[in-house]
Structures are given as structure tokens and as C-alpha cells.
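Here the structure is laid out as C-alpha cells; the discussion comes afterwards.
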Amino acid sequence: MSTQAWDETRVRELHDDLVALYEPVDRVAEHGADPTAEPGEGVRQLVTTILSQNVADANTSRATEALFDRYDDFAAIEAADHDELAETIRVAGLADQKAARIQRALAAIREETGGAYSLAFLDAMATADAKEWLTAIKGVGPKTASVVLNFHFGKPTMAVDTHVERVSKRFGLVPASASNQAAHDALDGLVPDELIYPLHVLLIRHGRTHCSARGADCDNPVCERYCDCAFCA
């Protein structure tokens, strides 16, 4: 783990070095706030992100397709028999837990809006308040909330998945002992707002390409400059 202090200037240098190693992040091409999106798109993203917890992307896509093929709308998903819903999304793993989380989330949204399945009300809220509202739903953690708030609403909050957390700890952006919640808090406080999304994408790319959990390939200029983990030593 790097011991050099991090500040905004160094974070910007890291971003630029990752861009040089990979390529600039095109927010529109990948994710990002879309002011023309249908009101239910934020809800769909929340449901999809719950399905994606601890599972490969391919199985997330299969579960999402099965879910929306079987049920006509969010009201039908919320009202579905629990066992039937769990069986529908079984491919995503942890089906019983995820079915319950999805139905709790839909109920919370409906109760908050007075009957609509829309997260549009979060747009007017401060980022911290919006994240607090989402994470008050049992089973919606800081990563899931941050994915929805950053990808859909463009709010400045970092979604810390396993790649982002691993690379951030090896680079010393967050303490090695930090919990996932602490990692979210630290990166939200450290990374400039406009870099939160692109740095999220770039850290994931670096984690997948070079900074893997085992057998990391440290022969690259970013690791040489920022990392002194066991693989770099």
C-alpha cells in the first residue's frame, strides 16, 4: 500500500495516468444521468443493481430479462408471490434474499411517492440525504445506492465494488483496514465530484486488467507509481 499522502492534485494525476494507460471514459457511452429517461428507469436500475449483488454480469442480465418478461410492471413484481419471484430470478443467486429486497424497495418507493414507482424525488435531494433514504431500505447498501445515484442521477458518490476497493486500498487511497462503508465515505470525500464516475470506471478496468486479487500484473506505469503491494514488491 502506498504511504504517500493523497490530496485532490494527486487524485487528478492518478486519473490522468489511468487515462493514459487505458482511454478516457465516455460517460454517455457507458452510463450516466439522462434527463430524458422515463421515471421508472431509476427504479429499474435499483432493481437490476440488487440483482447484480455478488453475481456475474451475465447472470444479472439473465435474471433481469426473466424478471421483466414474467411481470408486466413494478406493481406486479411487488405483489408477486415471494417463492414465485425468487424462482424467477434464481439465476442471480441468493434468490430468496434478493426477492425480499426488491419487494421491500418497491414498497418503500410506492409509499414515499403515494403510489408511483419513480425515484425522481431523489434528484432534488442532497446526495447524502438521497443515499440515506436508499440505504434505509434493508438490503440496499452503499454500493447499490451509489450506483443508482451516480449512474442515473449523476450525483457525486463513488460506487465501491470489489475492484475499486481492492485497488484503492493497494494504492493507499483508503486504509487497508477500512470497511466498505468507510471506503465509500473516504473516496466521496477525496475524489473531486467530476472525477467520481470516470475514476470509478478506470479503477475497475485497472482491477480487472492488472490489479487482480491474485497474481496481479504490476508491470505497468500506474502500479509502478502508486502501488507497493506484495505483488509489486
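In the C-alpha cells, chains take the letters A, B, ... in the order shown, each chain's residues start at 1, and ligands count up from 1 in the order shown.
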
Got a sec: who's within 9 Å of Asp123 (chain A), counting only C-alpha atoms, leaving out chain neighbours fewer than 6 positions off, as a compact mmCIF listing (two decimals) with all heavy atoms, in the first residue's frame?
# COMPACT_ATOMS: atom_id res chain seq x y z
N ALA A 130 -30.12 11.59 -0.15
CA ALA A 130 -30.63 10.58 -1.09
C ALA A 130 -30.03 9.21 -0.77
O ALA A 130 -30.73 8.19 -0.80
CB ALA A 130 -30.30 10.99 -2.52
N LEU A 149 -27.49 6.44 -7.68
CA LEU A 149 -27.37 7.90 -7.58
C LEU A 149 -26.36 8.47 -8.56
O LEU A 149 -26.58 9.55 -9.14
CB LEU A 149 -27.00 8.29 -6.15
CG LEU A 149 -28.07 8.01 -5.11
CD1 LEU A 149 -27.54 8.31 -3.71
CD2 LEU A 149 -29.34 8.81 -5.37
N PHE A 153 -28.60 9.49 -11.70
CA PHE A 153 -28.85 10.90 -11.38
C PHE A 153 -27.61 11.79 -11.53
O PHE A 153 -27.71 13.00 -11.43
CB PHE A 153 -29.38 11.03 -9.96
CG PHE A 153 -30.76 10.44 -9.77
CD1 PHE A 153 -30.91 9.21 -9.16
CD2 PHE A 153 -31.88 11.11 -10.23
CE1 PHE A 153 -32.17 8.65 -8.99
CE2 PHE A 153 -33.14 10.56 -10.07
CZ PHE A 153 -33.29 9.33 -9.44
N LYS A 155 -25.22 12.06 -9.43
CA LYS A 155 -24.82 12.61 -8.14
C LYS A 155 -23.40 12.14 -7.80
O LYS A 155 -23.02 11.02 -8.14
CB LYS A 155 -25.80 12.21 -7.04
CG LYS A 155 -27.15 12.91 -7.17
CD LYS A 155 -28.07 12.58 -6.01
CE LYS A 155 -29.41 13.31 -6.11
NZ LYS A 155 -29.29 14.77 -5.96

- Message: Please identify the alpha helix (DSSP H) residues within region 87-165 of chain A (assignment by DSSP from backbone atoms) and present them as a count of residues only.
- Response: 40

- Message: as number ranges by chain, please: the residues near Pro175 (chain A) (cut-off 12 Å, only C-alpha atoms, same-chain neighbours under 3 positions excluded).
- Response: A: 1-3, 5-6, 165-172, 178-180, 182-187

Selected residues written out with N, CA, C and O atoms, as an mmCIF file, in the first residue's frame:
data_model
loop_
_atom_site.group_PDB
_atom_site.id
_atom_site.type_symbol
_atom_site.label_atom_id
_atom_site.label_comp_id
_atom_site.auth_asym_id
_atom_site.auth_seq_id
_atom_site.Cartn_x
_atom_site.Cartn_y
_atom_site.Cartn_z
ATOM 1 N N MET A 1 0.849 -1.201 0.000
ATOM 2 C CA MET A 1 0.000 0.000 0.000
ATOM 3 C C MET A 1 0.880 1.244 0.000
ATOM 4 O O MET A 1 1.828 1.348 0.767
ATOM 5 N N SER A 2 0.575 2.194 -0.829
ATOM 6 C CA SER A 2 1.330 3.434 -0.897
ATOM 7 C C SER A 2 1.155 4.245 0.383
ATOM 8 O O SER A 2 0.080 4.296 0.958
ATOM 9 N N THR A 3 2.245 4.866 0.836
ATOM 10 C CA THR A 3 2.180 5.670 2.059
ATOM 11 C C THR A 3 2.184 7.163 1.754
ATOM 12 O O THR A 3 2.081 7.968 2.666
ATOM 13 N N ALA A 5 0.853 10.734 0.895
ATOM 14 C CA ALA A 5 -0.446 11.338 1.192
ATOM 15 C C ALA A 5 -1.210 11.633 -0.094
ATOM 16 O O ALA A 5 -0.641 12.008 -1.113
ATOM 17 N N TRP A 6 -2.530 11.441 -0.008
ATOM 18 C CA TRP A 6 -3.393 11.747 -1.137
ATOM 19 C C TRP A 6 -4.101 13.076 -0.933
ATOM 20 O O TRP A 6 -4.532 13.389 0.171
ATOM 21 N N GLU A 165 -12.480 -1.190 -4.422
ATOM 22 C CA GLU A 165 -11.992 -1.286 -3.042
ATOM 23 C C GLU A 165 -10.583 -1.871 -3.000
ATOM 24 O O GLU A 165 -9.714 -1.343 -2.292
ATOM 25 N N ARG A 166 -10.345 -2.929 -3.750
ATOM 26 C CA ARG A 166 -9.019 -3.564 -3.743
ATOM 27 C C ARG A 166 -7.934 -2.609 -4.250
ATOM 28 O O ARG A 166 -6.889 -2.435 -3.605
ATOM 29 N N VAL A 167 -8.170 -1.975 -5.396
ATOM 30 C CA VAL A 167 -7.173 -1.073 -5.960
ATOM 31 C C VAL A 167 -6.968 0.144 -5.057
ATOM 32 O O VAL A 167 -5.838 0.579 -4.831
ATOM 33 N N SER A 168 -8.062 0.690 -4.522
ATOM 34 C CA SER A 168 -7.959 1.869 -3.656
ATOM 35 C C SER A 168 -7.129 1.568 -2.414
ATOM 36 O O SER A 168 -6.346 2.411 -1.946
ATOM 37 N N LYS A 169 -7.288 0.379 -1.862
ATOM 38 C CA LYS A 169 -6.502 0.008 -0.676
ATOM 39 C C LYS A 169 -5.045 -0.231 -1.039
ATOM 40 O O LYS A 169 -4.141 0.180 -0.307
ATOM 41 N N ARG A 170 -4.784 -0.860 -2.152
ATOM 42 C CA ARG A 170 -3.396 -1.098 -2.562
ATOM 43 C C ARG A 170 -2.681 0.208 -2.896
ATOM 44 O O ARG A 170 -1.477 0.327 -2.676
ATOM 45 N N PHE A 171 -3.427 1.180 -3.421
ATOM 46 C CA PHE A 171 -2.829 2.476 -3.749
ATOM 47 C C PHE A 171 -2.796 3.408 -2.543
ATOM 48 O O PHE A 171 -2.213 4.488 -2.622
ATOM 49 N N GLY A 172 -3.441 3.027 -1.452
ATOM 50 C CA GLY A 172 -3.448 3.875 -0.265
ATOM 51 C C GLY A 172 -4.468 4.992 -0.300
ATOM 52 O O GLY A 172 -4.425 5.895 0.532
ATOM 53 N N ALA A 178 -10.082 -0.448 6.165
ATOM 54 C CA ALA A 178 -11.374 0.238 6.050
ATOM 55 C C ALA A 178 -12.482 -0.729 5.638
ATOM 56 O O ALA A 178 -12.283 -1.595 4.790
ATOM 57 N N SER A 179 -13.650 -0.569 6.241
ATOM 58 C CA SER A 179 -14.823 -1.313 5.818
ATOM 59 C C SER A 179 -15.288 -0.767 4.477
ATOM 60 O O SER A 179 -14.835 0.295 4.020
ATOM 61 N N ASN A 180 -16.225 -1.483 3.832
ATOM 62 C CA ASN A 180 -16.745 -0.994 2.563
ATOM 63 C C ASN A 180 -17.431 0.350 2.743
ATOM 64 O O ASN A 180 -17.288 1.250 1.909
ATOM 65 N N ALA A 182 -16.719 2.591 5.026
ATOM 66 C CA ALA A 182 -15.658 3.582 5.242
ATOM 67 C C ALA A 182 -14.958 3.926 3.931
ATOM 68 O O ALA A 182 -14.550 5.075 3.706
ATOM 69 N N ALA A 183 -14.803 2.927 3.055
ATOM 70 C CA ALA A 183 -14.184 3.184 1.752
ATOM 71 C C ALA A 183 -15.050 4.121 0.926
ATOM 72 O O ALA A 183 -14.541 5.039 0.264
ATOM 73 N N HIS A 184 -16.369 3.909 0.946
ATOM 74 C CA HIS A 184 -17.279 4.833 0.256
ATOM 75 C C HIS A 184 -17.122 6.256 0.787
ATOM 76 O O HIS A 184 -16.994 7.217 0.024
ATOM 77 N N ASP A 185 -17.121 6.387 2.102
ATOM 78 C CA ASP A 185 -17.033 7.713 2.718
ATOM 79 C C ASP A 185 -15.714 8.392 2.374
ATOM 80 O O ASP A 185 -15.677 9.594 2.058
ATOM 81 N N ALA A 186 -14.621 7.618 2.433
ATOM 82 C CA ALA A 186 -13.297 8.191 2.177
ATOM 83 C C ALA A 186 -13.171 8.666 0.731
ATOM 84 O O ALA A 186 -12.686 9.776 0.465
ATOM 85 N N LEU A 187 -13.610 7.844 -0.220
ATOM 86 C CA LEU A 187 -13.481 8.218 -1.623
ATOM 87 C C LEU A 187 -14.419 9.359 -1.991
ATOM 88 O O LEU A 187 -14.057 10.235 -2.784
#

- Task: Have a look at A:Arg90, A:Arg104, A:His206, A:Arg110 and name the one nearest to Leu67 (chain A); count only C-alpha atoms.
- Result: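 When distances to Leu67 (chain A) are compared using only C-alpha atoms, the smallest one comes from A:Arg90.
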
- Between A:Val191, A:Ile109, A:Val19, A:Ala230, which has the minimum distance to Gly40 (chain A) (counting only C-alpha atoms)?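 Of all the options, A:Ile109 lies closest to Gly40 (chain A).
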
- Query: So which one's closest to Asp161 (chain A), A:Cys229, A:Thr127, A:Ile77, A:Val55? Using only C-alpha atoms, please.
  - Reply: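 For Asp161 (chain A), the nearest of the candidates is A:Val55.
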
- Using only C-alpha atoms, find the one residue out of A:Phe68, A:Tyr226, A:Phe231, A:Phe74 that sits nearest to Val43 (chain A).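 Using only C-alpha atoms, Val43 (chain A) sits closest to A:Phe74.
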
- Using only C-alpha atoms, pick whichever of A:Gly115, A:Pro156, A:Pro221, A:Gly215 has the shortest atom-to-atom distance to Leu199 (chain A).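 That would be A:Pro156, the residue with the smallest distance to Leu199 (chain A).
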
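Note that CA of Pro198 (chain A) and CA of Val25 (chain A) are 5.5 Å apart.
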
Kindly provide the residues of region 39-58 of chain A that approach region 99-103 of chain A to within 9 Å, each paired with its closest atom pair and their distance in Å to one decimal, based on only C-alpha atoms, listed by chain and increasing number, as a tab-separated table.
residue	atom	partner	partner_atom	distance
A:Leu46	CA	A:Ile102	CA	8.4
A:Val47	CA	A:Ile102	CA	6.0
A:Ile50	CA	A:Ile102	CA	7.0
A:Leu51	CA	A:Ile102	CA	8.4

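For Ala86 (chain A), the set of protein, DNA and RNA residues having any atom at most 10 Å away, when counting only C-alpha atoms and skipping those fewer than 6 positions along the same chain, is A:Leu67, A:Ala80, A:Ala92, A:Gly93, A:Leu94, A:Ala95, A:Asp96, A:Gln97, A:Lys98, A:Ala99, A:Ala100.
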
- CA of Val148 (chain A) to CA of Leu134 (chain A): how many Å, to one decimal?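 Separating CA of Val148 (chain A) from CA of Leu134 (chain A) is a distance of 9.3 Å.
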
- Message: I'd like the neighbourhood of Ala136 (chain A) as a list in words, where a residue qualifies if any of its atoms comes within 12 Å (using only C-alpha atoms), though same-chain residues fewer than 3 positions away should be ignored.
- Response: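 My reading of the contact set: Arg101, Arg104, Ala105, Ala108, Ile109, Asp129, Ala130, Lys131, Glu132, Trp133, Gly139, Val140, Gly141, Pro142, Thr144 and Ala145 of chain A.
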
Take the residues that were just selected and, keeping N, CA, C and O atoms, output them as a PDB file, in the first residue's frame.
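This is the output file part.pdb:
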ATOM      1  N   ARG A 101     -35.555  -8.176  -0.974  1.00  0.00           N
ATOM      2  CA  ARG A 101     -35.005  -6.824  -1.095  1.00  0.00           C
ATOM      3  C   ARG A 101     -35.727  -6.034  -2.179  1.00  0.00           C
ATOM      4  O   ARG A 101     -36.032  -4.849  -2.005  1.00  0.00           O
ATOM      5  N   ARG A 104     -39.203  -5.106  -0.904  1.00  0.00           N
ATOM      6  CA  ARG A 104     -39.104  -4.041   0.108  1.00  0.00           C
ATOM      7  C   ARG A 104     -38.819  -2.704  -0.546  1.00  0.00           C
ATOM      8  O   ARG A 104     -39.384  -1.673  -0.169  1.00  0.00           O
ATOM      9  N   ALA A 105     -37.909  -2.698  -1.521  1.00  0.00           N
ATOM     10  CA  ALA A 105     -37.551  -1.447  -2.193  1.00  0.00           C
ATOM     11  C   ALA A 105     -38.742  -0.870  -2.945  1.00  0.00           C
ATOM     12  O   ALA A 105     -39.019   0.344  -2.871  1.00  0.00           O
ATOM     13  N   ALA A 108     -41.202   0.608  -0.497  1.00  0.00           N
ATOM     14  CA  ALA A 108     -40.724   1.876   0.056  1.00  0.00           C
ATOM     15  C   ALA A 108     -40.916   3.020  -0.928  1.00  0.00           C
ATOM     16  O   ALA A 108     -41.307   4.132  -0.551  1.00  0.00           O
ATOM     17  N   ILE A 109     -40.635   2.750  -2.199  1.00  0.00           N
ATOM     18  CA  ILE A 109     -40.792   3.781  -3.228  1.00  0.00           C
ATOM     19  C   ILE A 109     -42.262   4.154  -3.382  1.00  0.00           C
ATOM     20  O   ILE A 109     -42.619   5.340  -3.432  1.00  0.00           O
ATOM     21  N   ASP A 129     -28.440  12.892   1.654  1.00  0.00           N
ATOM     22  CA  ASP A 129     -29.823  12.590   2.048  1.00  0.00           C
ATOM     23  C   ASP A 129     -30.419  11.508   1.148  1.00  0.00           C
ATOM     24  O   ASP A 129     -31.135  10.624   1.624  1.00  0.00           O
ATOM     25  N   ALA A 130     -30.117  11.586  -0.153  1.00  0.00           N
ATOM     26  CA  ALA A 130     -30.625  10.583  -1.086  1.00  0.00           C
ATOM     27  C   ALA A 130     -30.027   9.212  -0.772  1.00  0.00           C
ATOM     28  O   ALA A 130     -30.735   8.195  -0.802  1.00  0.00           O
ATOM     29  N   LYS A 131     -28.743   9.198  -0.457  1.00  0.00           N
ATOM     30  CA  LYS A 131     -28.114   7.923  -0.104  1.00  0.00           C
ATOM     31  C   LYS A 131     -28.688   7.379   1.196  1.00  0.00           C
ATOM     32  O   LYS A 131     -28.932   6.165   1.326  1.00  0.00           O
ATOM     33  N   GLU A 132     -28.945   8.252   2.145  1.00  0.00           N
ATOM     34  CA  GLU A 132     -29.532   7.816   3.413  1.00  0.00           C
ATOM     35  C   GLU A 132     -30.919   7.216   3.182  1.00  0.00           C
ATOM     36  O   GLU A 132     -31.279   6.212   3.808  1.00  0.00           O
ATOM     37  N   TRP A 133     -31.695   7.826   2.289  1.00  0.00           N
ATOM     38  CA  TRP A 133     -33.036   7.289   2.018  1.00  0.00           C
ATOM     39  C   TRP A 133     -32.939   5.887   1.422  1.00  0.00           C
ATOM     40  O   TRP A 133     -33.642   4.967   1.857  1.00  0.00           O
ATOM     41  N   GLY A 139     -31.154  -4.246   2.891  1.00  0.00           N
ATOM     42  CA  GLY A 139     -30.599  -4.932   1.735  1.00  0.00           C
ATOM     43  C   GLY A 139     -30.040  -4.011   0.673  1.00  0.00           C
ATOM     44  O   GLY A 139     -29.416  -4.474  -0.292  1.00  0.00           O
ATOM     45  N   VAL A 140     -30.249  -2.706   0.823  1.00  0.00           N
ATOM     46  CA  VAL A 140     -29.660  -1.722  -0.095  1.00  0.00           C
ATOM     47  C   VAL A 140     -28.485  -1.077   0.616  1.00  0.00           C
ATOM     48  O   VAL A 140     -28.664  -0.268   1.526  1.00  0.00           O
ATOM     49  N   GLY A 141     -27.290  -1.461   0.230  1.00  0.00           N
ATOM     50  CA  GLY A 141     -26.091  -0.939   0.863  1.00  0.00           C
ATOM     51  C   GLY A 141     -25.531   0.264   0.141  1.00  0.00           C
ATOM     52  O   GLY A 141     -26.113   0.748  -0.844  1.00  0.00           O
ATOM     53  N   PRO A 142     -24.383   0.778   0.588  1.00  0.00           N
ATOM     54  CA  PRO A 142     -23.813   1.985  -0.013  1.00  0.00           C
ATOM     55  C   PRO A 142     -23.434   1.826  -1.480  1.00  0.00           C
ATOM     56  O   PRO A 142     -23.556   2.758  -2.260  1.00  0.00           O
ATOM     57  N   THR A 144     -24.917  -0.221  -3.791  1.00  0.00           N
ATOM     58  CA  THR A 144     -26.150  -0.211  -4.583  1.00  0.00           C
ATOM     59  C   THR A 144     -26.713   1.196  -4.678  1.00  0.00           C
ATOM     60  O   THR A 144     -27.111   1.655  -5.766  1.00  0.00           O
ATOM     61  N   ALA A 145     -26.746   1.908  -3.551  1.00  0.00           N
ATOM     62  CA  ALA A 145     -27.256   3.281  -3.556  1.00  0.00           C
ATOM     63  C   ALA A 145     -26.405   4.178  -4.447  1.00  0.00           C
ATOM     64  O   ALA A 145     -26.929   4.991  -5.223  1.00  0.00           O
TER      65      ALA A 145
END

- Query: What gap, in Å, lies between CA of Asn150 (chain A) and CA of Ser177 (chain A)?
  - Reply: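 Between CA of Asn150 (chain A) and CA of Ser177 (chain A) the gap is 25.3 Å.
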